[in-house]
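What follows is the content of final22.txt (compact mmCIF, C-alpha atoms).
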# COMPACT_ATOMS: atom_id res chain seq x y z
CA MET A 1 -27.35 -13.42 -38.03
CA ALA A 2 -24.39 -12.87 -35.72
CA ALA A 3 -24.52 -14.09 -32.11
CA ARG A 4 -24.67 -11.45 -29.40
CA ILE A 5 -21.06 -12.10 -28.36
CA ASP A 6 -20.09 -11.10 -31.90
CA TRP A 7 -21.78 -7.71 -31.48
CA LEU A 8 -19.79 -7.25 -28.29
CA LEU A 9 -16.60 -8.01 -30.19
CA LEU A 10 -17.64 -5.61 -32.96
CA ALA A 11 -18.25 -2.87 -30.40
CA LEU A 12 -14.79 -3.35 -28.93
CA ASN A 13 -13.30 -3.47 -32.42
CA ALA A 14 -14.89 -0.10 -33.12
CA ALA A 15 -13.54 1.21 -29.82
CA GLY A 16 -9.97 0.42 -30.83
CA SER A 17 -6.97 0.53 -28.55
CA LYS A 18 -8.61 2.77 -25.95
CA GLY A 19 -11.22 0.13 -25.22
CA LEU A 20 -14.37 0.73 -23.22
CA SER A 21 -15.02 1.05 -19.50
CA PRO A 22 -17.74 -1.08 -17.86
CA VAL A 23 -20.41 1.63 -18.10
CA GLN A 24 -19.40 2.51 -21.65
CA LEU A 25 -19.58 -1.14 -22.69
CA GLN A 26 -22.95 -1.78 -21.07
CA LYS A 27 -24.57 1.40 -22.40
CA THR A 28 -23.05 1.07 -25.89
CA LEU A 29 -24.52 -2.39 -26.27
CA PHE A 30 -27.85 -1.27 -24.81
CA LEU A 31 -28.08 1.61 -27.27
CA LEU A 32 -27.00 -0.64 -30.14
CA GLY A 33 -29.81 -3.01 -29.24
CA GLN A 34 -32.29 -0.16 -29.14
CA LYS A 35 -31.18 1.70 -32.28
CA MET A 36 -30.45 -1.31 -34.50
CA ALA A 37 -32.78 -3.93 -33.06
CA ASP A 38 -33.57 -5.37 -36.48
CA LYS A 39 -29.88 -5.92 -37.17
CA VAL A 40 -28.79 -7.46 -33.87
CA GLY A 41 -31.78 -9.78 -33.68
CA ALA A 42 -33.97 -11.27 -30.95
CA GLY A 43 -31.20 -13.12 -29.12
CA PHE A 44 -29.43 -9.90 -28.12
CA TYR A 45 -28.66 -8.95 -24.53
CA ASP A 46 -31.62 -8.47 -22.18
CA PHE A 47 -30.95 -5.21 -20.35
CA GLN A 48 -32.78 -4.56 -17.12
CA PRO A 49 -32.81 -1.41 -14.96
CA TYR A 50 -29.99 -1.59 -12.42
CA HIS A 51 -27.78 0.72 -10.36
CA TYR A 52 -26.82 3.02 -13.24
CA GLY A 53 -29.45 2.22 -15.81
CA PRO A 54 -29.55 -0.68 -18.30
CA PHE A 55 -27.42 -3.66 -17.25
CA ASP A 56 -27.00 -7.26 -18.36
CA ARG A 57 -24.48 -9.38 -16.47
CA ASP A 58 -24.14 -11.60 -19.56
CA VAL A 59 -22.17 -8.75 -21.18
CA TYR A 60 -19.38 -9.36 -18.66
CA THR A 61 -19.74 -13.15 -18.93
CA ASP A 62 -19.29 -12.92 -22.70
CA ALA A 63 -16.41 -10.47 -22.27
CA GLU A 64 -14.67 -13.02 -20.06
CA LYS A 65 -15.21 -15.71 -22.70
CA LEU A 66 -13.62 -13.41 -25.28
CA ALA A 67 -10.74 -12.72 -22.90
CA ALA A 68 -10.26 -16.45 -22.25
CA SER A 69 -9.98 -17.01 -26.00
CA GLY A 70 -7.52 -14.18 -26.40
CA ARG A 71 -9.78 -11.98 -28.52
CA ILE A 72 -9.95 -9.19 -25.95
CA GLU A 73 -8.00 -8.14 -22.90
CA ILE A 74 -9.58 -7.10 -19.62
CA GLU A 75 -7.16 -4.88 -17.80
CA GLN A 76 -6.99 -2.19 -15.15
CA ARG A 77 -5.12 0.91 -16.16
CA GLU A 78 -2.99 2.87 -13.74
CA GLY A 79 -5.19 5.09 -11.61
CA GLU A 80 -8.36 3.14 -12.44
CA SER A 81 -9.90 0.52 -10.14
CA PHE A 82 -12.42 -0.72 -12.73
CA ASN A 83 -11.90 -2.94 -15.76
CA ARG A 84 -11.25 -1.75 -19.29
CA TYR A 85 -12.18 -4.00 -22.21
CA ILE A 86 -9.84 -3.82 -25.22
CA ILE A 87 -9.74 -5.81 -28.43
CA THR A 88 -6.57 -7.75 -29.23
CA ARG A 89 -4.94 -8.49 -32.56
CA GLU A 90 -6.56 -11.93 -32.50
CA GLY A 91 -9.91 -10.25 -31.93
CA GLU A 92 -9.41 -7.93 -34.88
CA VAL A 93 -8.66 -10.91 -37.10
CA ASP A 94 -11.76 -12.70 -35.80
CA VAL A 95 -13.95 -9.69 -36.62
CA SER A 96 -13.20 -10.12 -40.31
CA ARG A 97 -15.27 -13.33 -40.38
CA LEU A 98 -18.29 -11.15 -39.64
CA ALA A 99 -17.84 -9.32 -42.96
CA HIS A 100 -21.38 -9.37 -44.25
CA TYR A 101 -23.82 -6.56 -44.81
CA GLU A 102 -25.46 -6.39 -41.39
CA ALA A 103 -22.15 -6.46 -39.54
CA GLU A 104 -20.71 -3.73 -41.77
CA GLU A 105 -23.69 -1.45 -41.22
CA VAL A 106 -23.54 -2.05 -37.46
CA SER A 107 -19.77 -1.54 -37.44
CA GLU A 108 -20.12 1.77 -39.24
CA TYR A 109 -22.76 2.99 -36.79
CA LEU A 110 -20.58 1.94 -33.84
CA ARG A 111 -17.37 3.36 -35.26
CA GLU A 112 -18.63 6.61 -36.76
CA LYS A 113 -21.42 7.61 -34.41
CA LEU A 114 -22.22 5.66 -31.28
CA ILE A 115 -18.82 5.08 -29.73
CA PRO A 116 -17.52 8.59 -30.42
CA TRP A 117 -20.68 9.91 -28.76
CA VAL A 118 -20.37 7.55 -25.77
CA ARG A 119 -16.71 8.55 -25.35
CA SER A 120 -17.56 12.24 -25.47
CA GLN A 121 -19.85 11.86 -22.45
CA SER A 122 -18.91 11.96 -18.79
CA PHE A 123 -20.19 9.16 -16.59
CA GLN A 124 -23.02 11.41 -15.40
CA SER A 125 -24.03 12.72 -18.83
CA LEU A 126 -24.01 9.23 -20.38
CA VAL A 127 -26.25 7.80 -17.67
CA SER A 128 -28.47 10.92 -17.68
CA ALA A 129 -28.93 10.81 -21.45
CA ILE A 130 -30.08 7.21 -21.26
CA TYR A 131 -32.48 7.99 -18.42
CA ALA A 132 -33.89 10.89 -20.47
CA GLU A 133 -34.61 8.72 -23.50
CA TYR A 134 -35.42 5.51 -21.63
CA PRO A 135 -36.94 6.63 -18.29
CA GLU A 136 -37.95 3.06 -17.39
CA MET A 137 -34.23 2.32 -16.98
CA ARG A 138 -34.05 4.69 -14.00
CA LYS A 139 -36.21 2.44 -11.82
CA HIS A 140 -33.44 0.96 -9.60
CA SER A 141 -30.92 3.74 -9.97
CA VAL A 142 -28.50 4.90 -7.30
CA PHE A 143 -29.26 8.49 -6.30
CA GLN A 144 -32.92 8.77 -7.12
CA GLY A 145 -32.95 12.28 -5.65
CA MET B 1 -6.87 -7.78 9.57
CA THR B 2 -10.37 -6.95 8.44
CA LEU B 3 -12.84 -4.27 7.58
CA LEU B 4 -16.55 -4.95 7.96
CA ILE B 5 -19.14 -2.34 7.01
CA GLY B 6 -22.86 -2.37 7.73
CA ILE B 7 -25.39 0.20 6.53
CA LYS B 8 -29.04 0.37 7.53
CA CYS B 9 -31.04 1.48 4.49
CA THR B 10 -34.66 2.46 4.08
CA ASP B 11 -35.48 -0.79 2.28
CA GLY B 12 -32.99 -3.22 3.79
CA LEU B 13 -29.41 -3.45 4.92
CA VAL B 14 -25.98 -3.87 3.38
CA ILE B 15 -23.09 -5.79 4.95
CA ALA B 16 -19.73 -5.73 3.19
CA ALA B 17 -16.20 -6.85 3.90
CA ASP B 18 -12.73 -6.85 2.48
CA GLY B 19 -11.38 -10.19 1.32
CA ALA B 20 -7.97 -10.69 2.95
CA THR B 21 -7.05 -12.94 5.88
CA THR B 22 -3.69 -12.40 7.55
CA PHE B 23 -1.84 -15.43 8.93
CA GLY B 24 0.58 -15.34 11.85
CA THR B 25 1.01 -15.72 15.62
CA PHE B 26 1.83 -13.37 18.47
CA GLY B 27 1.61 -10.37 16.18
CA ASN B 28 4.17 -11.78 13.74
CA PHE B 29 2.40 -11.82 10.39
CA THR B 30 3.46 -14.27 7.76
CA ILE B 31 1.19 -14.24 4.72
CA ARG B 32 -2.08 -12.81 3.46
CA GLN B 33 -4.63 -14.97 1.65
CA PRO B 34 -7.95 -14.16 -0.01
CA SER B 35 -10.92 -15.39 2.01
CA ARG B 36 -14.68 -15.07 2.38
CA LYS B 37 -15.76 -13.18 5.47
CA LEU B 38 -19.53 -13.04 5.04
CA SER B 39 -21.64 -16.08 5.94
CA ILE B 40 -25.34 -16.79 5.49
CA VAL B 41 -26.93 -18.67 8.39
CA LYS B 42 -30.18 -20.58 7.81
CA ASP B 43 -31.00 -18.35 4.80
CA SER B 44 -32.13 -15.72 7.28
CA MET B 45 -29.05 -14.09 8.74
CA ILE B 46 -25.86 -12.50 7.42
CA VAL B 47 -22.93 -12.95 9.81
CA ALA B 48 -19.51 -11.32 9.57
CA VAL B 49 -16.75 -11.54 12.19
CA THR B 50 -13.42 -9.80 12.74
CA GLY B 51 -10.64 -11.55 14.61
CA PRO B 52 -9.57 -15.19 14.62
CA VAL B 53 -11.11 -17.33 11.89
CA GLY B 54 -11.68 -20.11 14.42
CA LEU B 55 -13.86 -17.83 16.54
CA LYS B 56 -15.95 -16.94 13.50
CA GLN B 57 -16.44 -20.62 12.73
CA ARG B 58 -17.66 -21.20 16.28
CA PHE B 59 -19.94 -18.13 16.26
CA VAL B 60 -21.55 -19.30 13.02
CA GLY B 61 -21.99 -22.77 14.51
CA GLU B 62 -23.73 -21.33 17.57
CA LEU B 63 -25.99 -19.13 15.45
CA GLU B 64 -26.95 -22.07 13.25
CA GLY B 65 -28.38 -23.72 16.35
CA LEU B 66 -30.19 -20.59 17.55
CA GLN B 67 -33.97 -20.50 17.34
CA LEU B 68 -35.52 -17.04 17.13
CA SER B 69 -39.30 -16.74 17.14
CA ALA B 70 -40.96 -14.72 14.41
CA ASN B 71 -42.41 -12.33 17.01
CA ILE B 72 -39.22 -11.71 18.92
CA LYS B 73 -38.63 -8.07 19.83
CA GLN B 74 -35.46 -6.21 18.91
CA HIS B 75 -33.91 -6.24 22.38
CA GLN B 76 -34.70 -9.95 22.72
CA ALA B 77 -33.01 -10.69 19.40
CA MET B 78 -29.98 -8.70 20.55
CA GLU B 79 -29.75 -10.69 23.80
CA SER B 80 -30.35 -14.07 22.16
CA ILE B 81 -27.64 -13.57 19.55
CA ALA B 82 -25.30 -12.08 22.16
CA GLY B 83 -25.86 -15.16 24.32
CA ALA B 84 -24.94 -17.46 21.44
CA ILE B 85 -21.78 -15.50 20.65
CA ARG B 86 -20.71 -15.26 24.28
CA ARG B 87 -20.60 -19.04 24.76
CA PRO B 88 -17.35 -19.55 22.81
CA LEU B 89 -16.14 -16.04 23.73
CA GLN B 90 -16.29 -16.71 27.45
CA ILE B 91 -14.42 -20.00 27.03
CA GLU B 92 -11.64 -18.15 25.23
CA PHE B 93 -11.51 -15.32 27.78
CA LYS B 94 -11.19 -17.89 30.59
CA ASN B 95 -8.39 -19.60 28.65
CA ALA B 96 -6.70 -16.22 28.25
CA GLU B 97 -6.81 -15.67 32.04
CA VAL B 98 -5.00 -18.95 32.52
CA THR B 99 -2.38 -18.32 29.84
CA ARG B 100 -1.80 -14.63 30.45
CA GLY B 101 0.91 -15.36 32.98
CA ALA B 102 2.99 -17.06 30.34
CA LEU B 103 1.90 -15.12 27.22
CA GLY B 104 1.26 -11.64 28.60
CA GLY B 105 -1.04 -9.32 26.67
CA GLN B 106 -0.89 -11.57 23.61
CA ALA B 107 -3.21 -14.00 25.37
CA VAL B 108 -6.10 -11.53 25.19
CA GLN B 109 -5.06 -9.78 21.97
CA SER B 110 -5.33 -13.04 20.05
CA ILE B 111 -9.04 -13.44 20.90
CA MET B 112 -10.22 -9.88 20.22
CA SER B 113 -13.16 -10.00 17.83
CA GLY B 114 -16.23 -8.12 16.65
CA THR B 115 -19.36 -9.40 14.96
CA MET B 116 -21.89 -7.89 12.61
CA VAL B 117 -25.26 -9.58 12.08
CA GLY B 118 -28.10 -8.70 9.72
CA LEU B 119 -31.54 -10.31 10.03
CA LEU B 120 -35.26 -9.59 9.99
CA VAL B 121 -36.76 -8.78 13.39
CA GLN B 122 -40.56 -8.61 13.26
CA GLY B 123 -40.18 -8.24 9.51
CA GLU B 124 -37.78 -5.30 9.80
CA PRO B 125 -34.21 -5.52 8.43
CA THR B 126 -32.07 -5.13 11.55
CA LEU B 127 -28.32 -4.52 11.71
CA ILE B 128 -26.61 -5.42 14.98
CA GLU B 129 -22.97 -4.97 15.94
CA PHE B 130 -21.39 -7.01 18.77
CA ASP B 131 -18.17 -5.82 20.39
CA HIS B 132 -15.30 -7.93 21.72
CA GLN B 133 -17.40 -8.80 24.79
CA GLY B 134 -20.42 -9.75 22.72
CA SER B 135 -22.31 -6.63 23.77
CA PRO B 136 -24.84 -5.67 21.11
CA GLU B 137 -25.77 -2.35 19.52
CA CYS B 138 -28.34 -1.85 16.77
CA ALA B 139 -28.01 0.56 13.89
CA THR B 140 -30.73 3.20 13.98
CA ASP B 141 -32.17 5.80 11.63
CA ASN B 142 -29.79 8.33 13.23
CA LEU B 143 -26.76 6.05 13.35
CA ARG B 144 -27.07 4.15 10.09
CA PHE B 145 -23.58 2.88 9.52
CA LYS B 146 -21.21 0.64 11.43
CA SER B 147 -17.71 -0.59 10.83
CA LEU B 148 -15.50 -3.13 12.60
CA GLY B 149 -11.97 -4.39 12.34
CA SER B 150 -8.49 -2.97 11.83
CA GLY B 151 -9.86 -0.85 8.96
CA GLN B 152 -12.39 0.88 11.21
CA PRO B 153 -10.26 4.02 11.80
CA LEU B 154 -10.25 4.54 8.02
CA ALA B 155 -13.88 3.61 7.44
CA ASP B 156 -15.74 5.52 10.17
CA PRO B 157 -14.65 9.06 9.19
CA PHE B 158 -15.16 8.28 5.51
CA LEU B 159 -18.64 6.88 6.09
CA ALA B 160 -19.50 9.93 8.19
CA PHE B 161 -18.38 12.18 5.31
CA LEU B 162 -20.45 10.24 2.75
CA ALA B 163 -23.46 10.31 5.08
CA LYS B 164 -23.15 14.08 5.45
CA VAL B 165 -22.82 14.64 1.69
CA PHE B 166 -25.34 12.15 0.34
CA TRP B 167 -27.81 11.26 3.11
CA SER B 168 -28.47 14.52 4.93
CA LYS B 169 -31.62 15.22 2.92
CA LYS B 170 -32.72 11.70 2.15
CA PRO B 171 -31.69 8.44 3.86
CA PRO B 172 -30.01 5.80 1.73
CA ASN B 173 -31.80 3.01 -0.06
CA LEU B 174 -30.08 -0.32 -0.78
CA ASN B 175 -28.51 0.99 -3.99
CA ASP B 176 -27.12 4.05 -2.20
CA GLY B 177 -25.84 1.82 0.61
CA GLN B 178 -24.00 -0.45 -1.83
CA PHE B 179 -22.37 2.57 -3.46
CA ALA B 180 -21.24 3.96 -0.09
CA ALA B 181 -19.97 0.57 1.12
CA THR B 182 -18.02 0.05 -2.11
CA TRP B 183 -16.43 3.51 -1.95
CA THR B 184 -15.51 3.13 1.73
CA LEU B 185 -13.97 -0.29 1.20
CA ARG B 186 -12.02 0.95 -1.83
CA HIS B 187 -10.74 3.91 0.18
CA ALA B 188 -9.65 1.62 3.02
CA ILE B 189 -8.06 -0.92 0.67
CA GLU B 190 -6.09 1.81 -1.10
CA THR B 191 -4.89 3.59 2.03
CA ASN B 192 -4.52 1.00 4.82
CA PRO B 193 -1.01 0.12 5.99
CA GLY B 194 -1.60 -3.59 5.49
CA GLY B 195 -4.07 -6.44 5.88
CA VAL B 196 -7.23 -4.98 4.27
CA ASP B 197 -7.49 -5.98 0.64
CA ASP B 198 -9.60 -7.10 -2.31
CA PRO B 199 -11.81 -8.84 -3.20
CA ILE B 200 -14.73 -6.87 -1.84
CA GLN B 201 -17.64 -9.00 -0.68
CA MET B 202 -21.11 -7.58 -0.25
CA MET B 203 -24.54 -8.89 0.68
CA THR B 204 -27.90 -7.23 1.00
CA LEU B 205 -30.84 -8.30 3.15
CA ARG B 206 -34.41 -7.12 2.77
CA ASN B 207 -37.97 -8.20 3.40
CA SER B 208 -39.22 -9.26 -0.01
CA GLY B 209 -42.81 -9.42 1.17
CA LYS B 210 -42.52 -13.19 1.31
CA GLY B 211 -39.80 -13.14 3.96
CA CYS B 212 -36.08 -12.66 4.24
CA GLU B 213 -34.23 -12.19 0.95
CA ILE B 214 -30.44 -12.23 1.02
CA LYS B 215 -28.46 -11.48 -2.13
CA GLU B 216 -24.73 -11.56 -2.64
CA LEU B 217 -23.32 -9.10 -5.14
CA GLN B 218 -21.22 -10.65 -7.88
CA LYS B 219 -17.88 -9.07 -8.71
CA ASP B 220 -19.38 -7.76 -11.96
CA ASP B 221 -21.96 -5.79 -9.97
CA LEU B 222 -19.15 -3.74 -8.47
CA GLN B 223 -17.67 -2.59 -11.78
CA GLU B 224 -20.17 0.19 -12.40
CA HIS B 225 -19.97 1.30 -8.76
CA LEU B 226 -16.18 1.58 -9.14
CA GLU B 227 -16.61 3.69 -12.26
CA ALA B 228 -19.22 5.87 -10.52
CA ILE B 229 -16.75 6.41 -7.67
CA ALA B 230 -14.10 7.57 -10.14
CA ALA B 231 -16.64 9.95 -11.67
CA ALA B 232 -17.60 11.32 -8.23
CA GLN B 233 -13.93 11.96 -7.42
CA ALA B 234 -13.44 13.69 -10.76
CA HIS B 235 -16.51 15.82 -10.02
CA LEU B 236 -14.98 16.93 -6.72
CA ALA B 237 -11.72 17.76 -8.48
CA GLU B 238 -13.71 19.96 -10.90
CA PHE B 239 -15.02 21.94 -7.92
CA GLN B 240 -11.48 22.95 -7.07
CA LYS B 241 -10.74 23.91 -10.71
CA LYS B 242 -13.86 26.07 -10.85
CA GLN B 243 -12.54 28.20 -7.99
CA ILE B 244 -9.48 29.24 -9.98
CA THR B 245 -10.82 29.19 -13.52
CA PRO B 246 -13.12 32.05 -14.54
CA VAL B 247 -16.72 30.87 -14.65
CA PRO B 248 -19.27 33.13 -16.35
CA SER B 249 -21.19 34.88 -13.60
CA GLY B 250 -22.33 38.16 -15.10
CA ASP B 251 -21.00 41.58 -14.14
CA ILE B 252 -20.68 42.39 -10.47
CA PRO B 253 -23.32 45.08 -10.01
CA SER B 254 -22.28 48.53 -8.98
CA PRO B 255 -24.36 50.43 -6.43

If you convert what's in this file into structure tokens, what do you get?
Amino acid sequence: MAARIDWLLLALNAAGSKGLSPVQLQKTLFLLGQKMADKVGAGFYDFQPYHYGPFDRDVYTDAEKLAASGRIEIEQREGESFNRYIITREGEVDVSRLAHYEAEEVSEYLREKLIPWVRSQSFQSLVSAIYAEYPEMRKHSVFQG
Amino acid sequence: MTLLIGIKCTDGLVIAADGATTFGTFGNFTIRQPSRKLSIVKDSMIVAVTGPVGLKQRFVGELEGLQLSANIKQHQAMESIAGAIRRPLQIEFKNAEVTRGALGGQAVQSIMSGTMVGLLVQGEPTLIEFDHQGSPECATDNLRFKSLGSGQPLADPFLAFLAKVFWSKKPPNLNDGQFAATWTLRHAIETNPGGVDDPIQMMTLRNSGKGCEIKELQKDDLQEHLEAIAAAQAHLAEFQKKQITPVPSGDIPSP
């Protein structure tokens, strides 16, 4: 079974050159862990309710490891003050070593369904949708109303 | 150059700062360096100081030696901390009197400072601001936010706007306070003429039930706040668009 950092790399591979913002990355991996728990395994990220729903700081720690090894870039685009996580050419090559059945099924779900859906959401609708399906993740949210 | 922000929340308090220290003498600035502006004293107090770094070091030293009883009242805590801060302050003001003849206004300008302290007083998270004379003022339920430093003219109106928009019906909790502090600091960093810069530092203080709990936010914690801020700004921009783009509203009724 792939390590959790590999699932992160797969998610960014599916996201392509546009990459993912911090909230998109966190929530994509959370939803992947929920929807394909049997594929990602028990050692996956441990998301806890935080300011905007499910959050695991290890996602960023692993992203920095991937950046340090040149497999992703963490950059700030013009007009944005937050990070954007984007796979590099080296990362794309590294993904190919994960070519076994589970990774392909997960990749397809990420590429064809989950990431397009995440990208189609605004910040508010993404967070709201997760709160609707996983209300326990709203516990420490900003703006409780 | 500095911006300090303090927000009294329903379940604790937030103290945040920018992360740039400006070097120079007599108003001639040379370089800017990243620095930490928030200190934790005896695991029970958050201290932040604007002005000369040396003064901050001495204030923190005085506060490390300060003994506050568990039953101390708010006004007593204010006076005790003020007394500790005033010891080095008064030395420097006396020095400034002596040197003013030769240095002019620079003698006093170089020792101007402000201090923000967060601690538990009788179990209650208490935010106290001290001005350049060491005179204290507590944040209250009606005056929940404070800012100090060269960034204050940018921060105060912005905090007042956020308070009006977000807190008029319900006061902020710690999460709301962190969001507001992050947005205000980002606004000041992006618009100040110089000296207020990243990295943002932020600490929270609350009564955990077992005593004082101080947490420092990691830089990763700020990422989602920054994205939420961008979303809030985009939401405001949509308001303007909706005024000029037809929005379905039904037919205007005729009499």

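In this model, the gap between atom CA of A:Ile87 and atom CA of A:Leu9 comes to 7.4 Å.
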
Fewer than 5 positions away in the same chain doesn't count, so skip those; otherwise give me all residues within 10 Å of stretch 33-38 of chain A, counting all atoms listed in the file, as a PyMOL selection string. chain A and resi 4+7+27-28+44-47+102+105-106+109+114+134

Return as a tab-separated table the residues of chain A lying at most 10 Å from chain B, together with the closest atom-to-atom pair for each and the distance in Å to one decimal, counting only C-alpha atoms, with rows in chain order and ascending residue number.
residue	atom	partner	partner_atom	distance
A:Ser21	CA	B:Glu227	CA	7.9
A:Pro22	CA	B:Glu224	CA	6.1
A:Val23	CA	B:Glu224	CA	5.9
A:Gln24	CA	B:Glu224	CA	9.6
A:Gln26	CA	B:Glu224	CA	9.3
A:Tyr50	CA	B:Asn175	CA	8.9
A:His51	CA	B:Asn175	CA	6.4
A:Tyr52	CA	B:Glu224	CA	7.3
A:Phe55	CA	B:Asp221	CA	9.3
A:Asp56	CA	B:Asp221	CA	9.9
A:Arg57	CA	B:Asp220	CA	7.0
A:Asp58	CA	B:Asp220	CA	9.8
A:Val59	CA	B:Asp220	CA	9.7
A:Tyr60	CA	B:Asp220	CA	6.9
A:Thr61	CA	B:Asp220	CA	8.8
A:Gly79	CA	B:Ala230	CA	9.4
A:Glu80	CA	B:Ala230	CA	7.6
A:Ser81	CA	B:Leu226	CA	6.4
A:Phe82	CA	B:Gln223	CA	5.7
A:Asn83	CA	B:Gln223	CA	7.0
A:Arg84	CA	B:Gln223	CA	9.9
A:Ser122	CA	B:Ala231	CA	7.7
A:Phe123	CA	B:Ala231	CA	6.1
A:Gln124	CA	B:Ala231	CA	7.5
A:His140	CA	B:Asn175	CA	7.5
A:Ser141	CA	B:Asn175	CA	7.0
A:Val142	CA	B:Asn175	CA	5.1
A:Phe143	CA	B:Asp176	CA	6.4
A:Gln144	CA	B:Asp176	CA	9.0
A:Gly145	CA	B:Lys170	CA	7.8

I'd like the neighbourhood of B:Leu89 as a PyMOL selection string, where a residue qualifies if any of its atoms comes within 10 Å (using only C-alpha atoms), though same-chain residues fewer than 6 positions away should be ignored. chain B and resi 55+58-59+83+95+111-113+132-134

Can you tell me how far atom CA of B:Ser110 sits from atom CA of B:Ala188, in Å to one decimal? 22.9 Å

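Reported to one decimal place, the separation of atom CA of B:Ala181 from atom CA of B:Pro199 is 13.2 Å.
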
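When all atoms listed in the file are used to measure the gap to A:Lys18, the shortest distance among A:Glu108, A:Ser96, A:Gln76, A:Val127 belongs to A:Gln76.
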
Would you mind telling me which residue in B:Gln67, B:Gln33, B:Ser80, B:Ser168 lies nearest to B:Asp18 when using only C-alpha atoms? B:Gln33

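Every protein, DNA or RNA residue with an atom at most 10 Å from B:Glu129, where all atoms listed in the file count and chain neighbours fewer than 3 positions away do not, is listed here: Gly6, Ala48, Val49, Met78, Ala82, Gly114, Thr115, Met116, Val117, Gly118, Gly134, Ser135, Pro136, Glu137, Cys138, Ala139, Lys146, Ser147 and Leu148 of chain B.
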
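Of the residues listed (A:Glu136, A:Arg97, A:Ile86, A:Leu126), A:Ile86 shows the shortest atom-to-atom separation from A:Asn13; distances use only C-alpha atoms.
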
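You can rank A:Lys113, A:Glu92, A:Arg119, A:Val40 by their closest distance to A:Leu20 using all atoms listed in the file, and at the top of that list sits A:Arg119.
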
Neighbour list for stretch 150-162 of chain B as number ranges by chain, cut-off 10 Å, only C-alpha atoms, skip fewer than 5 positions in-chain: B: 1-5, 7, 18, 50-51, 143-145, 167-168, 180-181, 183-189, 191-196

Selection to disk with C-alpha atoms, as a short mmCIF file (atom, residue, chain, number, x, y, z; two decimals), keeping the file's coordinate frame:
data_model
loop_
_atom_site.label_atom_id
_atom_site.label_comp_id
_atom_site.auth_asym_id
_atom_site.auth_seq_id
_atom_site.Cartn_x
_atom_site.Cartn_y
_atom_site.Cartn_z
CA MET B 1 -6.87 -7.78 9.57
CA THR B 2 -10.37 -6.95 8.44
CA LEU B 3 -12.84 -4.27 7.58
CA LEU B 4 -16.55 -4.95 7.96
CA ILE B 5 -19.14 -2.34 7.01
CA ILE B 7 -25.39 0.20 6.53
CA ASP B 18 -12.73 -6.85 2.48
CA THR B 50 -13.42 -9.80 12.74
CA GLY B 51 -10.64 -11.55 14.61
CA LEU B 143 -26.76 6.05 13.35
CA ARG B 144 -27.07 4.15 10.09
CA PHE B 145 -23.58 2.88 9.52
CA TRP B 167 -27.81 11.26 3.11
CA SER B 168 -28.47 14.52 4.93
CA ALA B 180 -21.24 3.96 -0.09
CA ALA B 181 -19.97 0.57 1.12
CA TRP B 183 -16.43 3.51 -1.95
CA THR B 184 -15.51 3.13 1.73
CA LEU B 185 -13.97 -0.29 1.20
CA ARG B 186 -12.02 0.95 -1.83
CA HIS B 187 -10.74 3.91 0.18
CA ALA B 188 -9.65 1.62 3.02
CA ILE B 189 -8.06 -0.92 0.67
CA THR B 191 -4.89 3.59 2.03
CA ASN B 192 -4.52 1.00 4.82
CA PRO B 193 -1.01 0.12 5.99
CA GLY B 194 -1.60 -3.59 5.49
CA GLY B 195 -4.07 -6.44 5.88
CA VAL B 196 -7.23 -4.98 4.27
#
